[in-house]
Amino acid sequence: MTSTVLSPTPVRGLTSLGSAAGVLPEPADHGEPLREARGGLRIVQVRDDLARVTRANGEVLGYVERHDDPQGDRFRAKRFIARQRRFVEIGDFWSRGDATDCFRFA
């Protein structure tokens, strides 16, 4: 009898449904965080209102934090400065995607 082991690593640029949306396959319900790829960056949901942004090699670039605003949800991008061991706010955005994209240029 043979068994097949499926890797949680997706085929580059494809989701579990075969589309090019950039969302990695949703893990089995083992309490693992939601993972997403966007523009060469990886986003890992840490809490409901906080996502970690890393490079493919695991280097932490910063966080995207959701916060309430009278006009709706806002997303604050915070860049991690490793040498200084601190965070610098990059800006507030209306979408998590926009907040994540700013790490590619910051």
# chains A, B, ... in the order shown; residues from 1 in each chain; ligands from 1

call {"tool": "residues_around", "arguments": {"residues": "range 52-62 of chain A", "least_positions_apart": "6", "cutoff": "10 Å", "atoms": "only C-alpha atoms", "output": "PyMOL selection string"}}
result
chain A and resi 35-46+77-82+86-90+100-101+103-104+106

call {"tool": "residues_around", "arguments": {"residues": "Gln71 in chain A", "least_positions_apart": "3", "cutoff": "10 Å", "atoms": "only C-alpha atoms", "output": "compact mmCIF listing (two decimals) with N, CA and C atoms, in the first residue's frame"}}
result
# COMPACT_ATOMS: atom_id res chain seq x y z
N ASP A 68 -10.63 50.27 13.59
CA ASP A 68 -11.92 50.90 13.28
C ASP A 68 -11.74 52.38 13.00
N ARG A 74 -9.97 50.49 8.55
CA ARG A 74 -8.73 51.03 7.98
C ARG A 74 -7.63 50.01 8.28
N TRP A 94 -7.29 52.03 2.95
CA TRP A 94 -8.67 51.57 2.97
C TRP A 94 -8.78 50.08 2.70

call {"tool": "atom_distance", "arguments": {"atom1": "CA of Arg83 in chain A", "atom2": "CA of Ala99 in chain A"}}
result
22.6 Å

call {"tool": "atom_distance", "arguments": {"atom1": "CA of Leu50 in chain A", "atom2": "CA of Pro70 in chain A"}}
result
19.3 Å

call {"tool": "atom_distance", "arguments": {"atom1": "CA of Phe75 in chain A", "atom2": "CA of Cys102 in chain A"}}
result
11.5 Å
